[in-house]
Amino acid sequence: QVQLVESGGGLVQPGGSLTLSCAVAGFPFNSFAWDWHRQTPGKEPELVARILTGGQPLTYADSVKGRFTISRDNDKRTCYLQMNNLTLEDTAVYFCGASFRSDIRGQGTPVTVSS
């Protein structure tokens with residue numbers, strides 16, 4: 001059974017930081033690139049970042065470049081998203097998924113940036 005469990009979301013003030021984690025079980029984590037997406041009500045999911053199998057970040061959304069860092073630990077089968085200098089516009093539900101596999105998605109963890 002495939003399980004993707006995101007954690008690390010929460011309420012943070014503008015300018016603050018959070019680190020999201022995505023722990024994967026029951027799926028060949030090491031063989032896939034992994035994505036972090038985010039979604040706000042009424043909008044399509046936005047690809048935030050992608051990381052390749054070897055650990056090289058492939059892409060970041062323009063809106064997060066220089067503030068967010070994606071990483072992975074293949075031994076722990078976990079993908080991370082370090083988010084710094086958060087803004088109100090970063091408020092969303094963040095979820096991880098295997099790249100190009102819409103059937104492999106987590107449930108998401110909410111991030112609220114508010115003063």
# chains A, B, ... in the order shown; residues from 1 in each chain; ligands from 1
>>> residues_around(residues="Cys79 of chain A", least_positions_apart="4", cutoff="9 Å", atoms="only C-alpha atoms", output="list of chain:residue names")
A:Leu20, A:Ser21, A:Cys22, A:Ala23, A:Val24, A:Trp34, A:Asp35, A:Trp36, A:Ile51, A:Ile70, A:Ser71, A:Arg72, A:Asp73, A:Asn74, A:Cys96
>>> write_last_selection(atoms="N, CA, C and O atoms", output="mmCIF file, in the first residue's frame")
data_model
loop_
_atom_site.group_PDB
_atom_site.id
_atom_site.type_symbol
_atom_site.label_atom_id
_atom_site.label_comp_id
_atom_site.auth_asym_id
_atom_site.auth_seq_id
_atom_site.Cartn_x
_atom_site.Cartn_y
_atom_site.Cartn_z
ATOM 1 N N LEU A 20 8.773 21.393 5.419
ATOM 2 C CA LEU A 20 7.811 20.326 5.187
ATOM 3 C C LEU A 20 8.541 19.021 4.905
ATOM 4 O O LEU A 20 9.612 19.020 4.291
ATOM 5 N N SER A 21 7.934 17.930 5.332
ATOM 6 C CA SER A 21 8.482 16.598 5.071
ATOM 7 C C SER A 21 7.425 15.746 4.396
ATOM 8 O O SER A 21 6.234 15.900 4.659
ATOM 9 N N CYS A 22 7.892 14.836 3.567
ATOM 10 C CA CYS A 22 7.003 13.894 2.884
ATOM 11 C C CYS A 22 7.646 12.517 2.985
ATOM 12 O O CYS A 22 8.627 12.240 2.294
ATOM 13 N N ALA A 23 7.097 11.699 3.847
ATOM 14 C CA ALA A 23 7.618 10.342 4.046
ATOM 15 C C ALA A 23 6.838 9.371 3.169
ATOM 16 O O ALA A 23 5.610 9.388 3.165
ATOM 17 N N VAL A 24 7.582 8.544 2.442
ATOM 18 C CA VAL A 24 6.976 7.666 1.444
ATOM 19 C C VAL A 24 7.190 6.207 1.820
ATOM 20 O O VAL A 24 8.301 5.803 2.182
ATOM 21 N N TRP A 34 10.657 13.756 -7.456
ATOM 22 C CA TRP A 34 9.553 14.109 -6.566
ATOM 23 C C TRP A 34 9.254 15.595 -6.642
ATOM 24 O O TRP A 34 10.150 16.409 -6.845
ATOM 25 N N ASP A 35 7.966 15.877 -6.469
ATOM 26 C CA ASP A 35 7.472 17.241 -6.572
ATOM 27 C C ASP A 35 6.839 17.685 -5.258
ATOM 28 O O ASP A 35 6.283 16.868 -4.525
ATOM 29 N N TRP A 36 6.899 18.974 -5.051
ATOM 30 C CA TRP A 36 6.015 19.637 -4.092
ATOM 31 C C TRP A 36 5.089 20.545 -4.901
ATOM 32 O O TRP A 36 5.540 21.317 -5.750
ATOM 33 N N ILE A 51 12.570 17.666 -7.649
ATOM 34 C CA ILE A 51 13.933 17.204 -7.388
ATOM 35 C C ILE A 51 14.139 15.866 -8.088
ATOM 36 O O ILE A 51 13.268 14.998 -8.085
ATOM 37 N N ILE A 70 14.224 22.499 -2.113
ATOM 38 C CA ILE A 70 13.757 21.112 -2.084
ATOM 39 C C ILE A 70 14.961 20.199 -1.901
ATOM 40 O O ILE A 70 16.040 20.458 -2.436
ATOM 41 N N SER A 71 14.748 19.139 -1.139
ATOM 42 C CA SER A 71 15.819 18.164 -0.929
ATOM 43 C C SER A 71 15.195 16.798 -0.689
ATOM 44 O O SER A 71 13.972 16.679 -0.547
ATOM 45 N N ARG A 72 16.041 15.785 -0.675
ATOM 46 C CA ARG A 72 15.549 14.436 -0.434
ATOM 47 C C ARG A 72 16.600 13.622 0.291
ATOM 48 O O ARG A 72 17.805 13.880 0.181
ATOM 49 N N ASP A 73 16.124 12.644 1.033
ATOM 50 C CA ASP A 73 16.993 11.691 1.714
ATOM 51 C C ASP A 73 16.527 10.310 1.272
ATOM 52 O O ASP A 73 15.492 9.814 1.746
ATOM 53 N N ASN A 74 17.267 9.706 0.358
ATOM 54 C CA ASN A 74 16.835 8.424 -0.188
ATOM 55 C C ASN A 74 16.863 7.311 0.854
ATOM 56 O O ASN A 74 16.070 6.371 0.791
ATOM 57 N N CYS A 96 2.969 16.589 -1.612
ATOM 58 C CA CYS A 96 4.057 16.006 -2.388
ATOM 59 C C CYS A 96 3.510 14.939 -3.318
ATOM 60 O O CYS A 96 2.395 14.448 -3.139
#
>>> select_by_dssp(residues="chain A", states="strand (DSSP E or B)", output="tab-separated table (two decimals) with all heavy atoms, in the first residue's frame")
chain	number	residue	atom	x	y	z
A	3	GLN	N	1.88	4.89	0.74
A	3	GLN	CA	1.57	5.90	1.74
A	3	GLN	C	2.51	7.07	1.59
A	3	GLN	O	3.72	6.88	1.56
A	3	GLN	CB	1.67	5.33	3.15
A	3	GLN	CG	0.56	4.36	3.52
A	3	GLN	CD	0.62	3.95	4.98
A	3	GLN	OE1	1.69	3.71	5.51
A	3	GLN	NE2	-0.53	3.87	5.62
A	4	LEU	N	1.95	8.26	1.47
A	4	LEU	CA	2.71	9.50	1.47
A	4	LEU	C	2.18	10.34	2.62
A	4	LEU	O	1.00	10.68	2.63
A	4	LEU	CB	2.54	10.27	0.16
A	4	LEU	CG	3.38	9.85	-1.04
A	4	LEU	CD1	2.93	8.48	-1.55
A	4	LEU	CD2	3.29	10.88	-2.14
A	5	VAL	N	3.03	10.66	3.54
A	5	VAL	CA	2.60	11.41	4.72
A	5	VAL	C	3.39	12.70	4.80
A	5	VAL	O	4.60	12.70	5.04
A	5	VAL	CB	2.80	10.59	6.00
A	5	VAL	CG1	2.35	11.39	7.22
A	5	VAL	CG2	2.03	9.27	5.91
A	6	GLU	N	2.67	13.81	4.58
A	6	GLU	CA	3.30	15.12	4.71
A	6	GLU	C	3.16	15.62	6.14
A	6	GLU	O	2.17	15.33	6.82
A	6	GLU	CB	2.66	16.15	3.77
A	6	GLU	CG	2.80	15.84	2.30
A	6	GLU	CD	1.53	15.27	1.71
A	6	GLU	OE1	0.74	14.67	2.46
A	6	GLU	OE2	1.34	15.40	0.50
A	7	SER	N	4.14	16.38	6.56
A	7	SER	CA	4.08	16.99	7.88
A	7	SER	C	4.89	18.27	7.86
A	7	SER	O	5.63	18.54	6.91
A	7	SER	CB	4.64	16.04	8.95
A	7	SER	OG	5.99	15.71	8.67
A	10	GLY	N	1.75	24.50	9.16
A	10	GLY	CA	1.23	25.18	10.33
A	10	GLY	C	1.06	26.65	10.09
A	10	GLY	O	1.06	27.12	8.95
A	11	LEU	N	0.93	27.38	11.17
A	11	LEU	CA	0.75	28.83	11.13
A	11	LEU	C	2.08	29.52	11.39
A	11	LEU	O	2.78	29.18	12.37
A	11	LEU	CB	-0.27	29.25	12.20
A	11	LEU	CG	-0.51	30.75	12.38
A	11	LEU	CD1	-1.08	31.36	11.11
A	11	LEU	CD2	-1.42	31.00	13.58
A	12	VAL	N	2.43	30.46	10.54
A	12	VAL	CA	3.69	31.15	10.68
A	12	VAL	C	3.49	32.61	10.30
A	12	VAL	O	2.63	32.94	9.46
A	12	VAL	CB	4.78	30.48	9.81
A	12	VAL	CG1	4.44	30.57	8.34
A	12	VAL	CG2	6.16	31.05	10.10
A	18	LEU	N	9.39	27.46	7.57
A	18	LEU	CA	8.86	26.13	7.87
A	18	LEU	C	9.59	25.11	7.01
A	18	LEU	O	10.05	25.45	5.91
A	18	LEU	CB	7.36	26.03	7.55
A	18	LEU	CG	6.35	26.70	8.48
A	18	LEU	CD1	4.96	26.61	7.87
A	18	LEU	CD2	6.38	26.09	9.86
A	19	THR	N	9.69	23.90	7.51
A	19	THR	CA	10.22	22.80	6.71
A	19	THR	C	9.17	21.71	6.63
A	19	THR	O	8.73	21.19	7.66
A	19	THR	CB	11.51	22.25	7.31
A	19	THR	OG1	12.50	23.27	7.34
A	19	THR	CG2	12.03	21.09	6.46
A	20	LEU	N	8.77	21.39	5.42
A	20	LEU	CA	7.81	20.33	5.19
A	20	LEU	C	8.54	19.02	4.91
A	20	LEU	O	9.61	19.02	4.29
A	20	LEU	CB	6.90	20.67	4.01
A	20	LEU	CG	6.20	22.03	4.06
A	20	LEU	CD1	5.30	22.18	2.84
A	20	LEU	CD2	5.42	22.19	5.33
A	21	SER	N	7.93	17.93	5.33
A	21	SER	CA	8.48	16.60	5.07
A	21	SER	C	7.43	15.75	4.40
A	21	SER	O	6.23	15.90	4.66
A	21	SER	CB	8.92	15.93	6.38
A	21	SER	OG	9.91	16.67	7.03
A	22	CYS	N	7.89	14.84	3.57
A	22	CYS	CA	7.00	13.89	2.88
A	22	CYS	C	7.65	12.52	2.99
A	22	CYS	O	8.63	12.24	2.29
A	22	CYS	CB	6.81	14.30	1.44
A	22	CYS	SG	5.92	13.10	0.43
A	23	ALA	N	7.10	11.70	3.85
A	23	ALA	CA	7.62	10.34	4.05
A	23	ALA	C	6.84	9.37	3.17
A	23	ALA	O	5.61	9.39	3.16
A	23	ALA	CB	7.50	9.95	5.51
A	24	VAL	N	7.58	8.54	2.44
A	24	VAL	CA	6.98	7.67	1.44
A	24	VAL	C	7.19	6.21	1.82
A	24	VAL	O	8.30	5.80	2.18
A	24	VAL	CB	7.58	7.94	0.06
A	24	VAL	CG1	6.96	7.02	-1.00
A	24	VAL	CG2	7.37	9.40	-0.33
A	25	ALA	N	6.13	5.44	1.72
A	25	ALA	CA	6.22	3.99	1.96
A	25	ALA	C	5.44	3.26	0.87
A	25	ALA	O	4.49	3.80	0.31
A	25	ALA	CB	5.65	3.65	3.34
A	34	TRP	N	10.66	13.76	-7.46
A	34	TRP	CA	9.55	14.11	-6.57
A	34	TRP	C	9.25	15.59	-6.64
A	34	TRP	O	10.15	16.41	-6.85
A	34	TRP	CB	9.87	13.69	-5.12
A	34	TRP	CG	9.80	12.21	-4.99
A	34	TRP	CD1	10.81	11.32	-5.22
A	34	TRP	CD2	8.65	11.43	-4.65
A	34	TRP	NE1	10.37	10.04	-5.05
A	34	TRP	CE2	9.05	10.08	-4.68
A	34	TRP	CE3	7.34	11.74	-4.31
A	34	TRP	CZ2	8.17	9.04	-4.40
A	34	TRP	CZ3	6.47	10.70	-4.02
A	34	TRP	CH2	6.88	9.37	-4.07
A	35	ASP	N	7.97	15.88	-6.47
A	35	ASP	CA	7.47	17.24	-6.57
A	35	ASP	C	6.84	17.68	-5.26
A	35	ASP	O	6.28	16.87	-4.52
A	35	ASP	CB	6.37	17.36	-7.64
A	35	ASP	CG	6.83	16.95	-9.02
A	35	ASP	OD1	8.05	17.01	-9.29
A	35	ASP	OD2	5.95	16.59	-9.82
A	36	TRP	N	6.90	18.97	-5.05
A	36	TRP	CA	6.02	19.64	-4.09
A	36	TRP	C	5.09	20.54	-4.90
A	36	TRP	O	5.54	21.32	-5.75
A	36	TRP	CB	6.78	20.46	-3.08
A	36	TRP	CG	7.38	19.65	-1.97
A	36	TRP	CD1	8.67	19.23	-1.87
A	36	TRP	CD2	6.71	19.19	-0.80
A	36	TRP	NE1	8.85	18.51	-0.71
A	36	TRP	CE2	7.66	18.48	-0.03
A	36	TRP	CE3	5.41	19.30	-0.30
A	36	TRP	CZ2	7.34	17.88	1.19
A	36	TRP	CZ3	5.09	18.71	0.91
A	36	TRP	CH2	6.05	18.01	1.65
A	37	HIS	N	3.81	20.42	-4.62
A	37	HIS	CA	2.79	21.27	-5.22
A	37	HIS	C	2.11	22.05	-4.09
A	37	HIS	O	2.19	21.69	-2.92
A	37	HIS	CB	1.72	20.44	-5.92
A	37	HIS	CG	2.24	19.62	-7.05
A	37	HIS	ND1	2.13	19.99	-8.36
A	37	HIS	CD2	2.86	18.42	-7.06
A	37	HIS	CE1	2.65	19.05	-9.13
A	37	HIS	NE2	3.11	18.09	-8.36
A	38	ARG	N	1.38	23.09	-4.47
A	38	ARG	CA	0.52	23.77	-3.52
A	38	ARG	C	-0.76	24.17	-4.21
A	38	ARG	O	-0.80	24.37	-5.44
A	38	ARG	CB	1.21	24.99	-2.90
A	38	ARG	CG	1.52	26.12	-3.85
A	38	ARG	CD	2.32	27.19	-3.13
A	38	ARG	NE	2.64	28.32	-4.00
A	38	ARG	CZ	3.43	29.34	-3.64
A	38	ARG	NH1	3.98	29.37	-2.42
A	38	ARG	NH2	3.67	30.31	-4.50
A	39	GLN	N	-1.80	24.28	-3.41
A	39	GLN	CA	-3.11	24.61	-3.96
A	39	GLN	C	-3.87	25.48	-2.99
A	39	GLN	O	-3.87	25.22	-1.77
A	39	GLN	CB	-3.90	23.34	-4.27
A	39	GLN	CG	-5.18	23.59	-5.04
A	39	GLN	CD	-5.82	22.30	-5.53
A	39	GLN	OE1	-5.56	21.22	-5.01
A	39	GLN	NE2	-6.68	22.41	-6.54
A	46	GLU	N	-0.31	24.24	-8.14
A	46	GLU	CA	0.89	24.87	-8.70
A	46	GLU	C	2.10	24.02	-8.35
A	46	GLU	O	2.29	23.66	-7.18
A	46	GLU	CB	1.07	26.28	-8.12
A	46	GLU	CG	2.35	26.97	-8.54
A	46	GLU	CD	2.61	28.25	-7.78
A	46	GLU	OE1	2.02	28.46	-6.70
A	46	GLU	OE2	3.42	29.07	-8.28
A	47	LEU	N	2.91	23.71	-9.34
A	47	LEU	CA	4.16	23.01	-9.07
A	47	LEU	C	5.12	23.98	-8.41
A	47	LEU	O	5.49	25.00	-9.00
A	47	LEU	CB	4.76	22.46	-10.36
A	47	LEU	CG	6.14	21.80	-10.21
A	47	LEU	CD1	6.07	20.57	-9.31
A	47	LEU	CD2	6.69	21.43	-11.58
A	48	VAL	N	5.54	23.66	-7.21
A	48	VAL	CA	6.43	24.54	-6.46
A	48	VAL	C	7.89	24.19	-6.73
A	48	VAL	O	8.72	25.07	-6.96
A	48	VAL	CB	6.14	24.44	-4.95
A	48	VAL	CG1	7.15	25.25	-4.14
A	48	VAL	CG2	4.72	24.91	-4.65
A	49	ALA	N	8.20	22.90	-6.69
A	49	ALA	CA	9.58	22.48	-6.87
A	49	ALA	C	9.62	21.00	-7.26
A	49	ALA	O	8.71	20.24	-6.94
A	49	ALA	CB	10.39	22.70	-5.59
A	50	ARG	N	10.68	20.63	-7.94
A	50	ARG	CA	10.91	19.24	-8.36
A	50	ARG	C	12.37	18.89	-8.09
A	50	ARG	O	13.26	19.71	-8.33
A	50	ARG	CB	10.57	19.05	-9.82
A	50	ARG	CG	10.93	17.67	-10.40
A	50	ARG	CD	10.34	17.52	-11.79
A	50	ARG	NE	8.88	17.44	-11.71
A	50	ARG	CZ	8.06	17.77	-12.72
A	50	ARG	NH1	8.58	18.19	-13.86
A	50	ARG	NH2	6.76	17.67	-12.56
A	51	ILE	N	12.57	17.67	-7.65
A	51	ILE	CA	13.93	17.20	-7.39
A	51	ILE	C	14.14	15.87	-8.09
A	51	ILE	O	13.27	15.00	-8.09
A	51	ILE	CB	14.21	17.10	-5.87
A	51	ILE	CG1	15.69	16.83	-5.60
A	51	ILE	CG2	13.32	16.06	-5.19
A	51	ILE	CD1	16.10	17.06	-4.15
A	57	PRO	N	17.98	19.56	-7.45
A	57	PRO	CA	16.73	20.28	-7.72
A	57	PRO	C	16.63	20.61	-9.20
A	57	PRO	O	17.61	21.06	-9.80
A	57	PRO	CB	16.86	21.55	-6.88
A	57	PRO	CG	17.87	21.22	-5.83
A	57	PRO	CD	18.82	20.27	-6.49
A	58	LEU	N	15.48	20.35	-9.79
A	58	LEU	CA	15.32	20.58	-11.21
A	58	LEU	C	14.65	21.90	-11.51
A	58	LEU	O	15.05	22.61	-12.43
A	58	LEU	CB	14.50	19.45	-11.84
A	58	LEU	CG	14.23	19.58	-13.34
A	58	LEU	CD1	15.55	19.55	-14.11
A	58	LEU	CD2	13.31	18.47	-13.82
A	59	THR	N	13.66	22.24	-10.72
A	59	THR	CA	12.91	23.44	-11.03
A	59	THR	C	12.27	24.00	-9.78
A	59	THR	O	11.99	23.27	-8.83
A	59	THR	CB	11.82	23.16	-12.08
A	59	THR	OG1	11.26	24.39	-12.52
A	59	THR	CG2	10.72	22.28	-11.51
A	60	TYR	N	12.09	25.30	-9.79
A	60	TYR	CA	11.32	26.00	-8.77
A	60	TYR	C	10.36	26.96	-9.46
A	60	TYR	O	10.71	27.56	-10.49
A	60	TYR	CB	12.23	26.81	-7.84
A	60	TYR	CG	13.11	26.01	-6.92
A	60	TYR	CD1	14.44	25.75	-7.23
A	60	TYR	CD2	12.61	25.51	-5.72
A	60	TYR	CE1	15.26	25.02	-6.39
A	60	TYR	CE2	13.42	24.78	-4.85
A	60	TYR	CZ	14.74	24.54	-5.20
A	60	TYR	OH	15.54	23.82	-4.35
A	68	PHE	N	12.74	29.01	-1.27
A	68	PHE	CA	12.42	27.62	-0.98
A	68	PHE	C	13.55	26.72	-1.48
A	68	PHE	O	14.17	27.00	-2.51
A	68	PHE	CB	11.13	27.19	-1.67
A	68	PHE	CG	9.87	27.79	-1.10
A	68	PHE	CD1	9.88	28.86	-0.22
A	68	PHE	CD2	8.64	27.26	-1.47
A	68	PHE	CE1	8.71	29.40	0.29
A	68	PHE	CE2	7.46	27.79	-0.97
A	68	PHE	CZ	7.49	28.86	-0.10
A	69	THR	N	13.77	25.62	-0.76
A	69	THR	CA	14.76	24.64	-1.17
A	69	THR	C	14.17	23.24	-1.03
A	69	THR	O	13.70	22.87	0.05
A	69	THR	CB	16.03	24.73	-0.31
A	69	THR	OG1	16.58	26.05	-0.40
A	69	THR	CG2	17.07	23.73	-0.78
A	70	ILE	N	14.22	22.50	-2.11
A	70	ILE	CA	13.76	21.11	-2.08
A	70	ILE	C	14.96	20.20	-1.90
A	70	ILE	O	16.04	20.46	-2.44
A	70	ILE	CB	12.98	20.76	-3.37
A	70	ILE	CG1	12.30	19.40	-3.24
A	70	ILE	CG2	13.86	20.85	-4.60
A	70	ILE	CD1	11.32	19.09	-4.38
A	71	SER	N	14.75	19.14	-1.14
A	71	SER	CA	15.82	18.16	-0.93
A	71	SER	C	15.19	16.80	-0.69
A	71	SER	O	13.97	16.68	-0.55
A	71	SER	CB	16.71	18.57	0.25
A	71	SER	OG	15.97	18.62	1.46
A	72	ARG	N	16.04	15.79	-0.67
A	72	ARG	CA	15.55	14.44	-0.43
A	72	ARG	C	16.60	13.62	0.29
A	72	ARG	O	17.80	13.88	0.18
A	72	ARG	CB	15.17	13.75	-1.75
A	72	ARG	CG	16.33	13.54	-2.69
A	72	ARG	CD	15.85	13.07	-4.07
A	72	ARG	NE	15.31	11.72	-4.03
A	72	ARG	CZ	14.55	11.21	-5.00
A	72	ARG	NH1	14.25	11.96	-6.06
A	72	ARG	NH2	14.12	9.96	-4.93
A	73	ASP	N	16.12	12.64	1.03
A	73	ASP	CA	16.99	11.69	1.71
A	73	ASP	C	16.53	10.31	1.27
A	73	ASP	O	15.49	9.81	1.75
A	73	ASP	CB	16.89	11.85	3.24
A	73	ASP	CG	17.88	10.98	3.99
A	73	ASP	OD1	18.19	9.87	3.50
A	73	ASP	OD2	18.32	11.39	5.07
A	78	THR	N	12.36	10.12	2.13
A	78	THR	CA	11.66	11.35	2.52
A	78	THR	C	12.12	12.51	1.64
A	78	THR	O	13.31	12.65	1.36
A	78	THR	CB	11.91	11.68	4.00
A	78	THR	OG1	11.44	10.60	4.81
A	78	THR	CG2	11.19	12.95	4.41
A	79	CYS	N	11.15	13.33	1.26
A	79	CYS	CA	11.41	14.56	0.51
A	79	CYS	C	11.07	15.74	1.41
A	79	CYS	O	10.12	15.66	2.20
A	79	CYS	CB	10.55	14.56	-0.75
A	79	CYS	SG	10.85	15.93	-1.87
A	80	TYR	N	11.84	16.81	1.27
A	80	TYR	CA	11.68	17.97	2.14
A	80	TYR	C	11.47	19.24	1.31
A	80	TYR	O	11.91	19.31	0.15
A	80	TYR	CB	12.91	18.17	3.02
A	80	TYR	CG	13.28	16.98	3.86
A	80	TYR	CD1	14.23	16.06	3.42
A	80	TYR	CD2	12.67	16.77	5.11
A	80	TYR	CE1	14.56	14.97	4.19
A	80	TYR	CE2	13.02	15.68	5.88
A	80	TYR	CZ	13.96	14.78	5.42
A	80	TYR	OH	14.29	13.69	6.18
A	81	LEU	N	10.84	20.21	1.93
A	81	LEU	CA	10.74	21.54	1.34
A	81	LEU	C	11.02	22.55	2.44
A	81	LEU	O	10.20	22.74	3.34
A	81	LEU	CB	9.37	21.78	0.72
A	81	LEU	CG	9.24	23.09	-0.05
A	81	LEU	CD1	10.10	23.06	-1.32
A	81	LEU	CD2	7.78	23.38	-0.42
A	82	GLN	N	12.19	23.16	2.37
A	82	GLN	CA	12.55	24.22	3.31
A	82	GLN	C	12.01	25.52	2.75
A	82	GLN	O	12.34	25.91	1.63
A	82	GLN	CB	14.07	24.29	3.47
A	82	GLN	CG	14.56	25.50	4.27
A	82	GLN	CD	14.21	25.43	5.74
A	82	GLN	OE1	14.31	24.37	6.35
A	82	GLN	NE2	13.76	26.54	6.30
A	83	MET	N	11.20	26.20	3.54
A	83	MET	CA	10.57	27.44	3.09
A	83	MET	C	10.98	28.58	4.00
A	83	MET	O	10.72	28.54	5.20
A	83	MET	CB	9.04	27.29	3.10
A	83	MET	CG	8.54	26.08	2.32
A	83	MET	SD	6.74	26.01	2.21
A	83	MET	CE	6.30	25.79	3.92
A	92	ALA	N	-1.30	28.08	1.55
A	92	ALA	CA	-1.86	27.06	0.66
A	92	ALA	C	-1.78	25.71	1.36
A	92	ALA	O	-1.16	25.59	2.43
A	92	ALA	CB	-1.07	27.00	-0.65
A	93	VAL	N	-2.39	24.71	0.74
A	93	VAL	CA	-2.15	23.33	1.14
A	93	VAL	C	-1.02	22.81	0.27
A	93	VAL	O	-1.09	22.89	-0.96
A	93	VAL	CB	-3.41	22.47	0.98
A	93	VAL	CG1	-3.09	21.01	1.29
A	93	VAL	CG2	-4.52	22.97	1.90
A	94	TYR	N	0.00	22.30	0.89
A	94	TYR	CA	1.17	21.78	0.19
A	94	TYR	C	1.12	20.26	0.20
A	94	TYR	O	0.88	19.64	1.25
A	94	TYR	CB	2.45	22.26	0.86
A	94	TYR	CG	2.73	23.72	0.64
A	94	TYR	CD1	1.97	24.71	1.28
A	94	TYR	CD2	3.75	24.13	-0.20
A	94	TYR	CE1	2.22	26.06	1.05
A	94	TYR	CE2	4.02	25.47	-0.43
A	94	TYR	CZ	3.26	26.43	0.21
A	94	TYR	OH	3.52	27.76	-0.01
A	95	PHE	N	1.35	19.68	-0.96
A	95	PHE	CA	1.38	18.24	-1.02
A	95	PHE	C	2.50	17.76	-1.92
A	95	PHE	O	2.90	18.45	-2.85
A	95	PHE	CB	0.02	17.67	-1.45
A	95	PHE	CG	-0.49	18.16	-2.77
A	95	PHE	CD1	-0.30	17.40	-3.92
A	95	PHE	CD2	-1.18	19.36	-2.88
A	95	PHE	CE1	-0.77	17.84	-5.14
A	95	PHE	CE2	-1.65	19.80	-4.10
A	95	PHE	CZ	-1.45	19.04	-5.23
A	96	CYS	N	2.97	16.59	-1.61
A	96	CYS	CA	4.06	16.01	-2.39
A	96	CYS	C	3.51	14.94	-3.32
A	96	CYS	O	2.40	14.45	-3.14
A	96	CYS	CB	5.13	15.42	-1.48
A	96	CYS	SG	4.56	14.03	-0.48
A	97	GLY	N	4.31	14.59	-4.30
A	97	GLY	CA	3.91	13.55	-5.23
A	97	GLY	C	5.07	13.12	-6.09
A	97	GLY	O	6.04	13.87	-6.26
A	98	ALA	N	4.96	11.91	-6.62
A	98	ALA	CA	5.96	11.44	-7.57
A	98	ALA	C	5.76	12.19	-8.88
A	98	ALA	O	4.63	12.38	-9.34
A	98	ALA	CB	5.81	9.94	-7.79
A	105	ARG	N	0.09	10.81	-4.82
A	105	ARG	CA	-0.01	12.14	-4.19
A	105	ARG	C	-0.34	11.98	-2.73
A	105	ARG	O	-1.10	11.09	-2.35
A	105	ARG	CB	-1.11	12.97	-4.86
A	105	ARG	CG	-0.83	13.39	-6.28
A	105	ARG	CD	0.12	14.55	-6.33
A	105	ARG	NE	0.32	15.03	-7.69
A	105	ARG	CZ	1.25	14.60	-8.51
A	105	ARG	NH1	2.09	13.69	-8.10
A	105	ARG	NH2	1.35	15.11	-9.72
A	109	THR	N	-0.48	19.13	3.56
A	109	THR	CA	-0.34	19.76	4.87
A	109	THR	C	-0.57	21.26	4.68
A	109	THR	O	0.01	21.88	3.79
A	109	THR	CB	1.04	19.46	5.48
A	109	THR	OG1	1.11	20.02	6.80
A	109	THR	CG2	2.19	20.01	4.64
A	110	PRO	N	-1.42	21.85	5.50
A	110	PRO	CA	-1.74	23.27	5.30
A	110	PRO	C	-0.66	24.19	5.86
A	110	PRO	O	-0.11	23.94	6.95
A	110	PRO	CB	-3.05	23.45	6.06
A	110	PRO	CG	-3.03	22.39	7.10
A	110	PRO	CD	-2.27	21.24	6.52
A	111	VAL	N	-0.38	25.22	5.12
A	111	VAL	CA	0.53	26.27	5.54
A	111	VAL	C	-0.24	27.58	5.51
A	111	VAL	O	-0.80	27.95	4.49
A	111	VAL	CB	1.76	26.35	4.61
A	111	VAL	CG1	2.60	27.59	4.93
A	111	VAL	CG2	2.60	25.09	4.72
A	112	THR	N	-0.28	28.25	6.65
A	112	THR	CA	-0.94	29.54	6.75
A	112	THR	C	0.06	30.58	7.20
A	112	THR	O	0.67	30.45	8.26
A	112	THR	CB	-2.11	29.48	7.75
A	112	THR	OG1	-3.03	28.47	7.36
A	112	THR	CG2	-2.82	30.83	7.82
A	113	VAL	N	0.22	31.60	6.36
A	113	VAL	CA	1.12	32.70	6.68
A	113	VAL	C	0.24	33.90	7.04
A	113	VAL	O	-0.52	34.40	6.21
A	113	VAL	CB	2.05	33.05	5.52
A	113	VAL	CG1	3.03	34.14	5.93
A	113	VAL	CG2	2.79	31.80	5.05
>>> atom_distance(atom1="atom CA of Asp75 of chain A", atom2="atom CA of Phe29 of chain A")
9.5 Å
>>> closest_residue(among="A:Pro28, A:Ala61, A:Thr91, A:Gly9", to="Ser115 of chain A", atoms="only C-alpha atoms")
A:Thr91
>>> closest_residue(among="A:Arg101, A:Glu44, A:Thr87, A:Ser114", to="Phe27 of chain A", atoms="only C-alpha atoms")
A:Arg101
>>> closest_residue(among="A:Phe100, A:Gly54, A:Lys43, A:Gln107", to="Asn30 of chain A", atoms="only C-alpha atoms")
A:Gly54
>>> closest_residue(among="A:Leu52, A:Ala33, A:Leu88, A:Val2", to="Gly106 of chain A", atoms="only C-alpha atoms")
A:Val2
>>> closest_residue(among="A:Asn84, A:Gln1, A:Thr53, A:Ser99", to="Gly26 of chain A", atoms="only C-alpha atoms")
A:Gln1
>>> decode(residues="segment 55-61 of chain A", atoms="N, CA and C atoms", output="PDB file, in the first residue's frame")
ATOM      1  N   GLY A  55      19.101  13.838  -6.373  1.00  0.00           N
ATOM      2  CA  GLY A  55      19.105  14.904  -5.380  1.00  0.00           C
ATOM      3  C   GLY A  55      19.286  16.293  -5.948  1.00  0.00           C
ATOM      4  N   GLN A  56      19.377  16.405  -7.274  1.00  0.00           N
ATOM      5  CA  GLN A  56      19.530  17.735  -7.860  1.00  0.00           C
ATOM      6  C   GLN A  56      18.157  18.381  -8.023  1.00  0.00           C
ATOM      7  N   PRO A  57      17.979  19.557  -7.445  1.00  0.00           N
ATOM      8  CA  PRO A  57      16.729  20.278  -7.717  1.00  0.00           C
ATOM      9  C   PRO A  57      16.632  20.614  -9.198  1.00  0.00           C
ATOM     10  N   LEU A  58      15.482  20.346  -9.787  1.00  0.00           N
ATOM     11  CA  LEU A  58      15.322  20.577 -11.214  1.00  0.00           C
ATOM     12  C   LEU A  58      14.654  21.905 -11.506  1.00  0.00           C
ATOM     13  N   THR A  59      13.657  22.238 -10.716  1.00  0.00           N
ATOM     14  CA  THR A  59      12.913  23.441 -11.026  1.00  0.00           C
ATOM     15  C   THR A  59      12.271  24.005  -9.776  1.00  0.00           C
ATOM     16  N   TYR A  60      12.088  25.296  -9.787  1.00  0.00           N
ATOM     17  CA  TYR A  60      11.320  25.996  -8.767  1.00  0.00           C
ATOM     18  C   TYR A  60      10.364  26.962  -9.462  1.00  0.00           C
ATOM     19  N   ALA A  61       9.191  27.121  -8.884  1.00  0.00           N
ATOM     20  CA  ALA A  61       8.298  28.161  -9.364  1.00  0.00           C
ATOM     21  C   ALA A  61       8.970  29.518  -9.179  1.00  0.00           C
TER      22      ALA A  61
END
